[in-house]
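Visitor: I am sharing model-v3.txt, which consists of compact mmCIF, C-alpha atoms:
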# COMPACT_ATOMS: atom_id res chain seq x y z
CA MET A 1 -24.43 -9.74 -11.68
CA SER A 2 -22.78 -12.90 -13.03
CA ASP A 3 -23.96 -12.15 -16.59
CA ASN A 4 -22.69 -8.60 -16.27
CA ILE A 5 -19.32 -9.82 -14.99
CA GLU A 6 -18.95 -12.34 -17.81
CA GLU A 7 -19.66 -9.66 -20.44
CA TYR A 8 -17.17 -7.41 -18.69
CA ARG A 9 -14.57 -10.19 -18.70
CA LEU A 10 -14.85 -10.74 -22.44
CA ALA A 11 -14.64 -7.03 -23.20
CA ALA A 12 -11.62 -6.62 -20.91
CA ARG A 13 -9.90 -9.64 -22.47
CA ALA A 14 -10.30 -8.19 -25.96
CA TRP A 15 -9.07 -4.73 -24.92
CA VAL A 16 -6.04 -6.09 -23.07
CA ALA A 17 -5.00 -8.27 -26.01
CA GLY A 18 -5.34 -5.38 -28.43
CA ASN A 19 -3.71 -2.60 -26.39
CA LEU A 20 -1.14 -4.00 -23.96
CA ARG A 21 2.09 -5.91 -24.44
CA ARG A 22 3.04 -9.06 -22.65
CA TYR A 23 6.17 -9.03 -20.57
CA VAL A 24 8.65 -11.89 -20.65
CA GLY A 25 10.31 -12.97 -17.42
CA GLU A 26 10.06 -10.78 -14.35
CA ASP A 27 7.38 -8.15 -13.75
CA PRO A 28 8.93 -4.87 -14.98
CA ASP A 29 7.71 -3.05 -11.85
CA LEU A 30 9.37 -5.41 -9.37
CA VAL A 31 12.32 -3.01 -9.46
CA SER A 32 11.91 -0.69 -6.49
CA ASP A 33 13.53 2.37 -8.04
CA PRO A 34 12.26 2.73 -11.62
CA THR A 35 14.29 4.55 -14.23
CA PRO A 36 12.91 7.82 -15.64
CA GLU A 37 12.18 5.94 -18.87
CA ARG A 38 10.19 3.22 -17.10
CA LEU A 39 8.31 5.79 -15.05
CA ALA A 40 7.34 7.71 -18.19
CA GLU A 41 6.22 4.49 -19.90
CA ALA A 42 4.20 3.42 -16.84
CA ARG A 43 2.45 6.80 -16.75
CA ARG A 44 1.58 6.42 -20.44
CA ILE A 45 0.12 2.94 -19.85
CA GLN A 46 -1.86 4.12 -16.83
CA ALA A 47 -3.26 7.05 -18.82
CA ALA A 48 -4.39 4.62 -21.54
CA LEU A 49 -6.01 2.35 -18.94
CA HIS A 50 -7.87 5.29 -17.44
CA ALA A 51 -9.05 6.57 -20.81
CA ALA A 52 -10.39 3.10 -21.67
CA GLY A 53 -12.23 2.77 -18.35
CA TYR A 54 -9.87 0.31 -16.66
CA ALA A 55 -8.63 2.44 -13.76
CA GLY A 56 -10.41 3.57 -10.61
CA PHE A 57 -12.94 0.74 -10.86
CA THR A 58 -14.72 1.48 -7.57
CA PHE A 59 -14.25 5.27 -7.59
CA PRO A 60 -17.22 7.58 -8.28
CA LYS A 61 -17.67 8.58 -11.91
CA GLU A 62 -17.88 12.21 -10.78
CA TYR A 63 -14.17 12.11 -9.95
CA GLY A 64 -12.85 10.09 -12.87
CA GLY A 65 -13.72 6.60 -11.63
CA GLN A 66 -15.87 3.86 -13.14
CA GLY A 67 -18.51 3.38 -10.41
CA LEU A 68 -18.06 -0.41 -10.54
CA THR A 69 -17.28 -3.08 -7.92
CA VAL A 70 -14.24 -4.87 -6.55
CA ALA A 71 -15.36 -7.90 -8.57
CA HIS A 72 -14.94 -5.95 -11.81
CA GLU A 73 -11.46 -4.90 -10.75
CA GLN A 74 -10.46 -8.48 -9.89
CA VAL A 75 -11.76 -9.72 -13.24
CA PHE A 76 -9.73 -7.15 -15.14
CA LEU A 77 -6.54 -7.88 -13.19
CA ARG A 78 -6.90 -11.59 -13.90
CA GLU A 79 -7.33 -10.93 -17.61
CA ALA A 80 -4.33 -8.56 -17.54
CA ALA A 81 -2.03 -11.03 -15.75
CA GLY A 82 1.17 -11.40 -17.76
CA TYR A 83 0.67 -8.05 -19.49
CA ASP A 84 2.53 -4.85 -18.70
CA VAL A 85 0.06 -3.20 -16.32
CA PRO A 86 1.80 -0.94 -13.74
CA THR A 87 -0.32 -2.07 -10.79
CA ARG A 88 2.67 -2.13 -8.43
CA LEU A 89 3.88 1.36 -9.30
CA PHE A 90 0.48 3.03 -8.90
CA GLY A 91 -1.02 0.65 -6.34
CA VAL A 92 -0.47 2.77 -3.22
CA SER A 93 -1.28 5.97 -5.07
CA ILE A 94 -4.68 4.72 -6.26
CA ASN A 95 -5.81 2.08 -3.78
CA ILE A 96 -4.68 3.72 -0.54
CA ILE A 97 -4.19 7.45 -1.06
CA GLY A 98 -6.83 7.88 -3.76
CA ALA A 99 -9.35 5.84 -1.77
CA THR A 100 -8.61 7.92 1.35
CA ILE A 101 -9.12 11.21 -0.47
CA ALA A 102 -12.32 9.81 -1.98
CA ALA A 103 -13.57 8.95 1.52
CA TYR A 104 -12.39 12.00 3.51
CA GLY A 105 -11.29 14.76 1.12
CA THR A 106 -13.21 17.89 0.23
CA HIS A 107 -15.06 18.16 -3.07
CA GLU A 108 -12.31 20.46 -4.35
CA GLN A 109 -9.56 18.03 -3.32
CA LYS A 110 -11.34 15.13 -5.01
CA GLN A 111 -12.01 17.14 -8.14
CA ARG A 112 -8.43 18.34 -8.40
CA HIS A 113 -6.49 15.18 -7.55
CA LEU A 114 -8.51 12.00 -8.11
CA PRO A 115 -8.61 12.13 -11.94
CA ARG A 116 -4.86 12.81 -11.96
CA ILE A 117 -4.18 9.96 -9.51
CA LEU A 118 -6.26 7.50 -11.52
CA SER A 119 -4.63 8.50 -14.82
CA GLY A 120 -1.11 8.27 -13.40
CA SER A 121 -0.19 11.92 -13.90
CA GLU A 122 0.15 12.27 -10.10
CA LEU A 123 2.01 9.66 -8.04
CA TRP A 124 1.31 9.72 -4.29
CA LEU A 125 2.47 8.08 -1.07
CA GLN A 126 2.04 8.47 2.69
CA LEU A 127 4.53 10.03 5.11
CA LEU A 128 3.57 8.21 8.31
CA SER A 129 6.49 6.82 10.30
CA GLU A 130 8.91 8.93 12.32
CA PRO A 131 12.30 7.87 13.73
CA SER A 132 11.19 8.50 17.31
CA GLY A 133 7.79 6.82 17.13
CA GLY A 134 8.25 3.18 16.18
CA SER A 135 4.80 1.70 15.74
CA ASP A 136 3.17 4.41 17.87
CA LEU A 137 1.86 6.50 15.01
CA ALA A 138 -0.14 8.72 17.37
CA GLY A 139 3.14 9.70 19.07
CA LEU A 140 4.30 11.71 16.05
CA ILE A 141 6.17 14.96 16.72
CA MET A 142 6.37 16.58 13.27
CA THR A 143 4.98 20.05 13.93
CA ALA A 144 2.67 22.20 11.79
CA GLU A 145 1.92 25.71 13.00
CA ARG A 146 -0.89 27.73 11.43
CA ASP A 147 0.28 31.00 9.87
CA GLY A 148 -2.60 32.71 8.09
CA ASP A 149 -3.63 30.62 5.09
CA HIS A 150 -0.64 28.24 5.44
CA PHE A 151 0.83 25.69 7.82
CA VAL A 152 4.57 25.83 8.54
CA VAL A 153 5.82 22.24 8.85
CA ASN A 154 9.01 21.03 10.55
CA GLY A 155 10.23 17.54 11.37
CA GLN A 156 11.31 14.20 9.93
CA LYS A 157 9.55 11.18 8.43
CA THR A 158 11.04 7.81 7.45
CA TRP A 159 10.37 4.47 5.69
CA SER A 160 8.40 6.17 2.92
CA SER A 161 8.01 3.78 -0.02
CA GLY A 162 8.85 5.28 -3.41
CA ALA A 163 9.15 8.88 -2.21
CA GLN A 164 11.97 9.53 -4.67
CA VAL A 165 9.58 9.26 -7.64
CA ALA A 166 6.36 10.58 -6.05
CA ASP A 167 4.68 13.96 -6.53
CA TYR A 168 2.48 14.33 -3.43
CA ALA A 169 2.00 12.75 -0.01
CA LEU A 170 -0.54 12.54 2.77
CA CYS A 171 1.32 13.61 5.90
CA PRO A 172 0.04 13.54 9.53
CA VAL A 173 1.41 16.37 11.69
CA ARG A 174 1.08 17.65 15.25
CA THR A 175 -1.05 20.80 15.25
CA ASP A 176 -1.91 21.04 18.96
CA TRP A 177 0.49 19.94 21.72
CA ASP A 178 -1.99 20.84 24.48
CA ARG A 179 -4.50 18.15 23.52
CA PRO A 180 -4.13 14.38 24.16
CA LYS A 181 -1.92 12.80 21.52
CA HIS A 182 -4.76 11.34 19.42
CA ARG A 183 -6.67 14.64 19.33
CA GLY A 184 -3.97 17.08 18.29
CA ILE A 185 -3.11 15.55 14.91
CA SER A 186 -4.03 16.89 11.46
CA LEU A 187 -3.55 15.38 8.01
CA LEU A 188 -2.04 17.49 5.23
CA ILE A 189 -1.46 17.11 1.51
CA VAL A 190 2.23 17.89 0.96
CA ASP A 191 3.79 18.68 -2.41
CA LEU A 192 7.09 16.74 -2.40
CA ARG A 193 8.71 19.42 -4.56
CA SER A 194 8.16 22.07 -1.89
CA PRO A 195 11.14 24.24 -0.88
CA GLY A 196 12.61 23.07 2.41
CA LEU A 197 11.84 19.36 1.82
CA GLU A 198 14.83 17.00 1.42
CA LEU A 199 14.58 13.31 0.42
CA ARG A 200 17.28 10.74 1.26
CA PRO A 201 17.05 7.10 0.06
CA ILE A 202 17.67 4.32 2.62
CA ARG A 203 19.66 1.26 1.53
CA GLN A 204 17.92 -1.97 2.60
CA ILE A 205 19.11 -5.45 3.48
CA ASN A 206 18.03 -6.73 0.04
CA GLY A 207 20.23 -4.14 -1.70
CA GLU A 208 17.41 -1.89 -2.86
CA ALA A 209 16.74 1.70 -1.87
CA HIS A 210 12.95 1.62 -2.03
CA PHE A 211 12.41 3.62 1.15
CA CYS A 212 13.33 7.21 1.88
CA GLU A 213 13.60 9.50 4.87
CA GLU A 214 12.33 13.07 4.56
CA PHE A 215 13.47 16.23 6.32
CA LEU A 216 11.03 19.17 6.34
CA THR A 217 12.33 22.59 7.35
CA ASP A 218 9.82 25.46 7.37
CA VAL A 219 7.83 23.86 4.54
CA LEU A 220 4.76 25.92 3.65
CA VAL A 221 1.56 23.93 3.08
CA PRO A 222 -1.66 25.72 2.05
CA ALA A 223 -4.45 25.44 4.62
CA ASP A 224 -6.70 24.20 1.78
CA ASN A 225 -4.55 21.03 1.79
CA LEU A 226 -6.01 19.97 5.14
CA VAL A 227 -7.82 16.61 4.80
CA GLY A 228 -10.61 16.43 7.36
CA ALA A 229 -10.90 18.96 10.17
CA GLU A 230 -7.91 20.44 11.98
CA ASN A 231 -6.91 18.26 14.96
CA ASP A 232 -9.19 15.48 13.69
CA GLY A 233 -6.49 13.80 11.64
CA TRP A 234 -6.35 10.63 13.74
CA ARG A 235 -9.83 9.62 12.57
CA VAL A 236 -8.75 9.99 8.94
CA ILE A 237 -5.47 8.16 9.54
CA ARG A 238 -7.30 5.21 11.09
CA GLY A 239 -9.53 5.15 8.03
CA LEU A 240 -6.48 5.25 5.75
CA LEU A 241 -4.89 2.31 7.56
CA GLU A 242 -8.10 0.27 7.35
CA ILE A 243 -8.23 0.98 3.61
CA GLU A 244 -4.57 -0.04 3.28
CA HIS A 245 -4.98 -3.28 5.21
CA ALA A 246 -8.05 -4.27 3.21
CA TRP A 247 -6.22 -3.63 -0.06
CA ALA A 248 -3.07 -5.42 1.09
CA GLY A 249 -5.19 -8.35 2.21
CA ARG A 250 -6.78 -8.64 -1.23
CA GLY A 251 -3.29 -9.09 -2.66
CA GLY A 252 -2.15 -5.47 -2.70
CA PRO A 253 0.33 -4.74 -5.47
CA LYS A 254 0.76 -8.43 -6.30
CA ARG A 255 -0.71 -10.01 -9.39
CA VAL A 256 -4.14 -11.47 -8.66
CA ASP A 257 -3.23 -15.08 -9.51
CA PHE A 258 -2.53 -16.57 -6.05
CA ARG A 259 -1.32 -19.81 -7.67
CA GLN A 260 1.80 -18.17 -9.09
CA ASP A 261 3.93 -18.56 -5.94
CA VAL A 262 3.11 -22.26 -5.63
CA GLY A 263 3.73 -22.81 -9.33
CA ASP A 264 7.19 -21.29 -8.98
CA LEU A 265 7.91 -23.54 -6.00
CA VAL A 266 6.75 -26.65 -7.87
CA ALA A 267 8.98 -25.75 -10.81
CA LEU A 268 11.91 -25.19 -8.45
CA ALA A 269 11.31 -28.54 -6.73
CA LYS A 270 11.35 -30.31 -10.11
CA THR A 271 14.55 -28.54 -11.11
CA ARG A 272 16.19 -29.61 -7.87
CA GLY A 273 14.96 -33.22 -8.24
CA LEU A 274 12.84 -32.94 -5.08
CA ALA A 275 9.32 -33.12 -6.51
CA ALA A 276 8.77 -36.62 -5.11
CA ASP A 277 10.06 -35.83 -1.63
CA PRO A 278 7.15 -36.27 0.84
CA GLY A 279 8.35 -33.45 3.11
CA ILE A 280 8.56 -31.02 0.18
CA GLN A 281 5.14 -32.13 -1.06
CA ARG A 282 3.61 -31.45 2.38
CA GLN A 283 5.26 -28.03 2.58
CA VAL A 284 4.16 -26.91 -0.88
CA THR A 285 0.66 -28.38 -0.46
CA ALA A 286 0.20 -26.58 2.89
CA LEU A 287 1.18 -23.31 1.23
CA HIS A 288 -1.20 -24.00 -1.66
CA VAL A 289 -4.05 -24.54 0.81
CA ALA A 290 -3.14 -21.36 2.71
CA LEU A 291 -3.21 -19.39 -0.54
CA LEU A 292 -6.63 -20.75 -1.49
CA VAL A 293 -8.02 -19.99 1.96
CA GLN A 294 -6.62 -16.46 1.80
CA GLN A 295 -8.18 -15.97 -1.62
CA LEU A 296 -11.61 -17.10 -0.40
CA VAL A 297 -11.44 -15.10 2.82
CA SER A 298 -10.29 -12.07 0.84
CA ALA A 299 -13.27 -12.34 -1.50
CA ARG A 300 -15.70 -12.74 1.41
CA VAL A 301 -14.28 -9.89 3.48
CA SER A 302 -13.90 -7.53 0.52
CA ARG A 303 -17.50 -8.13 -0.51
CA GLY A 304 -18.67 -7.73 3.09
CA MET A 305 -16.94 -4.38 3.48
CA GLU A 306 -18.14 -3.22 0.07
CA THR A 307 -21.78 -3.93 1.00
CA GLY A 308 -21.43 -2.58 4.53
CA LYS A 309 -22.01 -5.94 6.22
CA LEU A 310 -18.47 -6.00 7.65
CA GLY A 311 -16.50 -3.16 9.20
CA HIS A 312 -13.22 -1.99 7.70
CA GLY A 313 -11.40 -3.47 10.70
CA TYR A 314 -11.70 -6.83 8.96
CA GLY A 315 -9.08 -5.62 6.48
CA SER A 316 -6.46 -6.11 9.17
CA MET A 317 -7.32 -9.83 9.23
CA LEU A 318 -6.45 -10.04 5.55
CA LYS A 319 -3.10 -8.37 6.10
CA ILE A 320 -2.18 -10.88 8.82
CA GLY A 321 -2.89 -13.74 6.40
CA ASN A 322 -0.92 -12.18 3.55
CA ASP A 323 2.08 -11.45 5.76
CA PHE A 324 2.17 -15.05 6.95
CA ILE A 325 1.97 -16.43 3.40
CA ALA A 326 4.65 -14.05 2.08
CA GLN A 327 7.14 -15.24 4.67
CA ARG A 328 6.29 -18.95 4.40
CA ALA A 329 6.56 -18.87 0.59
CA ALA A 330 9.93 -17.11 0.74
CA GLU A 331 11.24 -19.53 3.36
CA ALA A 332 10.13 -22.51 1.27
CA GLY A 333 11.76 -21.07 -1.84
CA LEU A 334 15.06 -20.44 -0.09
CA ALA A 335 15.08 -23.94 1.38
CA LEU A 336 14.32 -25.51 -2.00
CA ALA A 337 16.94 -23.43 -3.79
CA GLY A 338 19.66 -24.81 -1.54
CA THR A 339 23.12 -23.44 -2.25
CA ASP A 340 21.76 -21.65 -5.34
CA GLY A 341 19.76 -19.44 -2.98
CA VAL A 342 22.83 -18.46 -1.01
CA THR A 343 25.53 -18.08 -3.65
CA TRP A 344 25.38 -17.79 -7.45
CA PRO A 345 27.74 -16.98 -10.34
CA ALA A 346 28.60 -13.34 -10.92
CA GLY A 347 26.33 -11.77 -13.50
CA ASP A 348 23.55 -14.34 -13.02
CA ALA A 349 20.61 -11.97 -12.55
CA ALA A 350 18.17 -14.80 -11.72
CA GLY A 351 20.48 -16.59 -9.32
CA GLY A 352 19.68 -14.44 -6.32
CA ALA A 353 15.91 -14.29 -6.85
CA TRP A 354 15.06 -16.58 -3.94
CA ALA A 355 17.53 -14.92 -1.60
CA HIS A 356 16.12 -11.54 -2.60
CA ALA A 357 12.55 -12.76 -2.00
CA TYR A 358 13.52 -14.10 1.41
CA LEU A 359 15.21 -10.88 2.52
CA THR A 360 12.34 -8.78 1.19
CA SER A 361 9.75 -10.94 2.98
CA ARG A 362 11.21 -9.97 6.36
CA SER A 363 9.50 -6.59 5.94
CA ALA A 364 6.00 -8.07 5.44
CA PRO A 365 4.89 -7.93 9.12
CA ILE A 366 6.38 -4.44 9.50
CA ALA A 367 5.25 -2.53 6.41
CA GLY A 368 1.80 -0.96 6.62
CA GLY A 369 1.64 -1.44 10.39
CA SER A 370 3.56 -3.96 12.46
CA ALA A 371 2.02 -7.38 13.15
CA GLU A 372 1.54 -6.47 16.81
CA ILE A 373 -0.41 -3.30 15.98
CA VAL A 374 -2.49 -5.08 13.34
CA ARG A 375 -3.40 -7.87 15.79
CA ASN A 376 -4.47 -5.20 18.29
CA ASN A 377 -6.69 -3.72 15.56
CA VAL A 378 -8.34 -7.10 15.02
CA SER A 379 -8.78 -7.77 18.73
CA GLU A 380 -10.45 -4.41 19.32
CA GLY A 381 -12.18 -3.66 16.01
CA VAL A 382 -13.34 -7.17 15.05
CA LEU A 383 -13.46 -9.27 18.22
CA GLY A 384 -14.59 -6.42 20.47
CA LEU A 385 -11.94 -7.03 23.12
CA PRO A 386 -11.07 -4.16 25.49
CA ARG A 387 -8.28 -1.75 24.62
CA GLU A 388 -4.97 -2.03 26.42
CA PRO A 389 -4.79 0.41 29.34
CA GLY A 390 -2.81 3.60 28.70
CA PHE A 391 -1.75 6.24 31.18
CA ASP A 392 -1.23 9.04 28.64
CA LYS A 393 -4.43 8.99 26.56
CA SER A 394 -6.04 11.90 28.40
CA LEU A 395 -2.93 13.98 29.11
CA PRO A 396 -1.87 16.93 26.96
CA PHE A 397 0.73 15.57 24.56
CA ARG A 398 3.43 17.99 25.71
CA GLN A 399 3.18 16.42 29.20
CA THR A 400 3.74 12.84 27.99
CA GLU A 401 7.02 11.10 27.31
CA HIS A 402 7.96 11.15 23.65
CA ASN A 403 11.03 11.15 21.40
What is this file in structure tokens?

Guide:
Amino acid sequence: MSDNIEEYRLAARAWVAGNLRRYVGEDPDLVSDPTPERLAEARRIQAALHAAGYAGFTFPKEYGGQGLTVAHEQVFLREAAGYDVPTRLFGVSINIIGATIAAYGTHEQKQRHLPRILSGSELWLQLLSEPSGGSDLAGLIMTAERDGDHFVVNGQKTWSSGAQVADYALCPVRTDWDRPKHRGISLLIVDLRSPGLELRPIRQINGEAHFCEEFLTDVLVPADNLVGAENDGWRVIRGLLEIEHAWAGRGGPKRVDFRQDVGDLVALAKTRGLAADPGIQRQVTALHVALLVQQLVSARVSRGMETGKLGHGYGSMLKIGNDFIAQRAAEAGLALAGTDGVTWPAGDAAGGAWAHAYLTSRSAPIAGGSAEIVRNNVSEGVLGLPREPGFDKSLPFRQTEHN
């Protein structure tokens, strides 16, 4: 395996150097709302990656993947660090949605969508949260009624990352109000260009409009777009969330080099004349250690899940670690930046970088499942602790309090 990986590394290094361009300064896909020009360029790059065999590393060859391992993917991403690879833009589409369809979709759904997802010609996301539900995903009230060979969908979703540039979404809906809330949910593939579907961007505290809210009014969805069995959507959604947490824990859309954050902090400390301060040294060293531990745990857990030795619930452990590190790194950066992190000259694009990172980091323990829900997942799925008691788990959903 090690010999194979080393050969793969050398081949990937040569291909990257000969086919991709380095970017100077900030990652071009850090911008939350890409321009049409950037989106077209990113699709072109992703198509080239797929054609060369550097996309869909762990996906089956039958559906456009490479049939390789997570280790091969990590090796490639390390070799591609500093090059213009649109891992952020297509990360959710490939590593969460694509992986979910690969695990739970029909043969026809895999055949139709997976090659397009891996090549970047289809950009996907998930429509999970609803304004009335908070973190109670099973309390969703978006309704889908079967009408012949279609579902008629009505309701609202919110906090959908990148919906304004996406093509399709996986969308859980309520298909039976007379079953308990976990047993009356189905998962549908929704075309975001469907008549009756309206997207509205949401302005965030960091000034971006990365999230959207969606309003669906009598949207027709073909019954063939059902992922899993009707009213069995909760099982698929739980699988999707486990896949998401495992991917996020491995680093998610970030570059693979975990040392980058610490390197930026060290450079900032030197610029501010604080590199010799013992308190700063302890703070940066503690973060460096946390990053190394997260990297090692991520490798162990990812390999364990890949070989079947660990359940997918362990992915939630990785997310907890990443969320903690994201916030601590942002807090350290803002503290080190001092007044430069709070106010900066007009037109200084780099001046607000640390403030922006700090504000953005506040969303880490919310996005992809709140910290409280994720800790519950670990307590039940990894530690085997009993579930919290619930009075409404066996009642028909229409008889429970909601909205």

Visitor: Put a box with edges along x, y and z around all the listed atoms of region 32-41 of chain A, pad it by 5 Å on each side, then give me its centre and sizes in Å, one decimal, as AutoDock Vina command-line options.

Guide:
--center_x 10.3 --center_y 3.6 --center_z -13.2 --size_x 18.1 --size_y 18.5 --size_z 23.4

Visitor: CA of Val382 (chain A) and CA of Tyr314 (chain A) are how many Å apart?

Guide: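 The value is 6.3 Å.
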
Visitor: Report, in Å with one decimal, the straight-line distance from CA of Ser186 (chain A) to CA of Pro131 (chain A).

Guide: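 Straight-line distance from CA of Ser186 (chain A) to CA of Pro131 (chain A) works out to 18.8 Å.
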
Visitor: Rank nothing, just name the residue among A:Pro86, A:Gly162, A:Gly313, A:Gly18 nearest to Leu383 (chain A), using all atoms listed in the file.

Guide: A:Gly313

Visitor: Provide the CA of Ala364 (chain A) to CA of Asp27 (chain A) distance in Å, to one decimal place.

Guide: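 Separation of CA of Ala364 (chain A) and CA of Asp27 (chain A): 19.2 Å.
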
Visitor: Go through A:Gly315, A:Gly321, A:Gly279, A:Pro180 and flag the residue nearest Gly390 (chain A), using all atoms listed in the file for the distances.

Guide: A:Pro180

Visitor: Counting all atoms listed in the file, which of A:Ile280, A:Ala55, A:Val24, A:Leu187 gets nearest to Leu140 (chain A)?

Guide: A:Leu187

Visitor: Counting all atoms listed in the file, which of A:Gly233, A:Gly196, A:Pro222, A:Gly369 gets nearest to Pro172 (chain A)?

Guide: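 Once distances to Pro172 (chain A) are computed over all atoms listed in the file, the minimum belongs to A:Gly233.
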
Visitor: Applying 12 Å and all atoms listed in the file, which residues near Thr339 (chain A) remain after dropping the ones on its own chain fewer than 4 positions away? List them as a list of chain:residue names.

Guide: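 Counting only the stated atoms, we get A:Arg272, A:Gly333, A:Leu334, A:Ala335, A:Thr343, A:Trp344, A:Pro345, A:Gly351, A:Gly352, A:Trp354, A:Ala355.
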
Visitor: Would you please work out which residue, of A:Glu41, A:Asp232, A:Asp84, A:Asp340, is nearest to Arg179 (chain A) when using all atoms listed in the file?

Guide: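 So, comparing all the options, the nearest one is A:Asp232.
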
Visitor: Tell me which protein, DNA and RNA residues are within 10 Å of Ala371 (chain A), counting only C-alpha atoms, leaving out same-chain ones fewer than 3 positions away, and put them as an mmCIF file with C-alpha atoms, in the coordinates of the input.

Guide:
data_model
loop_
_atom_site.group_PDB
_atom_site.id
_atom_site.type_symbol
_atom_site.label_atom_id
_atom_site.label_comp_id
_atom_site.auth_asym_id
_atom_site.auth_seq_id
_atom_site.Cartn_x
_atom_site.Cartn_y
_atom_site.Cartn_z
ATOM 1 C CA SER A 135 4.800 1.700 15.740
ATOM 2 C CA SER A 316 -6.460 -6.110 9.170
ATOM 3 C CA LYS A 319 -3.100 -8.370 6.100
ATOM 4 C CA ILE A 320 -2.180 -10.880 8.820
ATOM 5 C CA ASP A 323 2.080 -11.450 5.760
ATOM 6 C CA PHE A 324 2.170 -15.050 6.950
ATOM 7 C CA ALA A 364 6.000 -8.070 5.440
ATOM 8 C CA PRO A 365 4.890 -7.930 9.120
ATOM 9 C CA ILE A 366 6.380 -4.440 9.500
ATOM 10 C CA ALA A 367 5.250 -2.530 6.410
ATOM 11 C CA GLY A 368 1.800 -0.960 6.620
ATOM 12 C CA VAL A 374 -2.490 -5.080 13.340
ATOM 13 C CA ARG A 375 -3.400 -7.870 15.790
ATOM 14 C CA ASN A 376 -4.470 -5.200 18.290
ATOM 15 C CA ASN A 377 -6.690 -3.720 15.560
#

Visitor: Please return as a ChimeraX atom specification every residue within 10 Å of (1.6, 3.8, -18.2), taking into account all atoms listed in the file and the file's own coordinates.

Guide: /A:38-50,84-87,89-90,119-121

Visitor: Of the candidates A:Glu401, A:Lys393, A:Gly67, A:Ala326, which one gets nearest to Ser132 (chain A) if we count all atoms listed in the file?

Guide: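 Among the listed residues, A:Glu401 lies closest to Ser132 (chain A).
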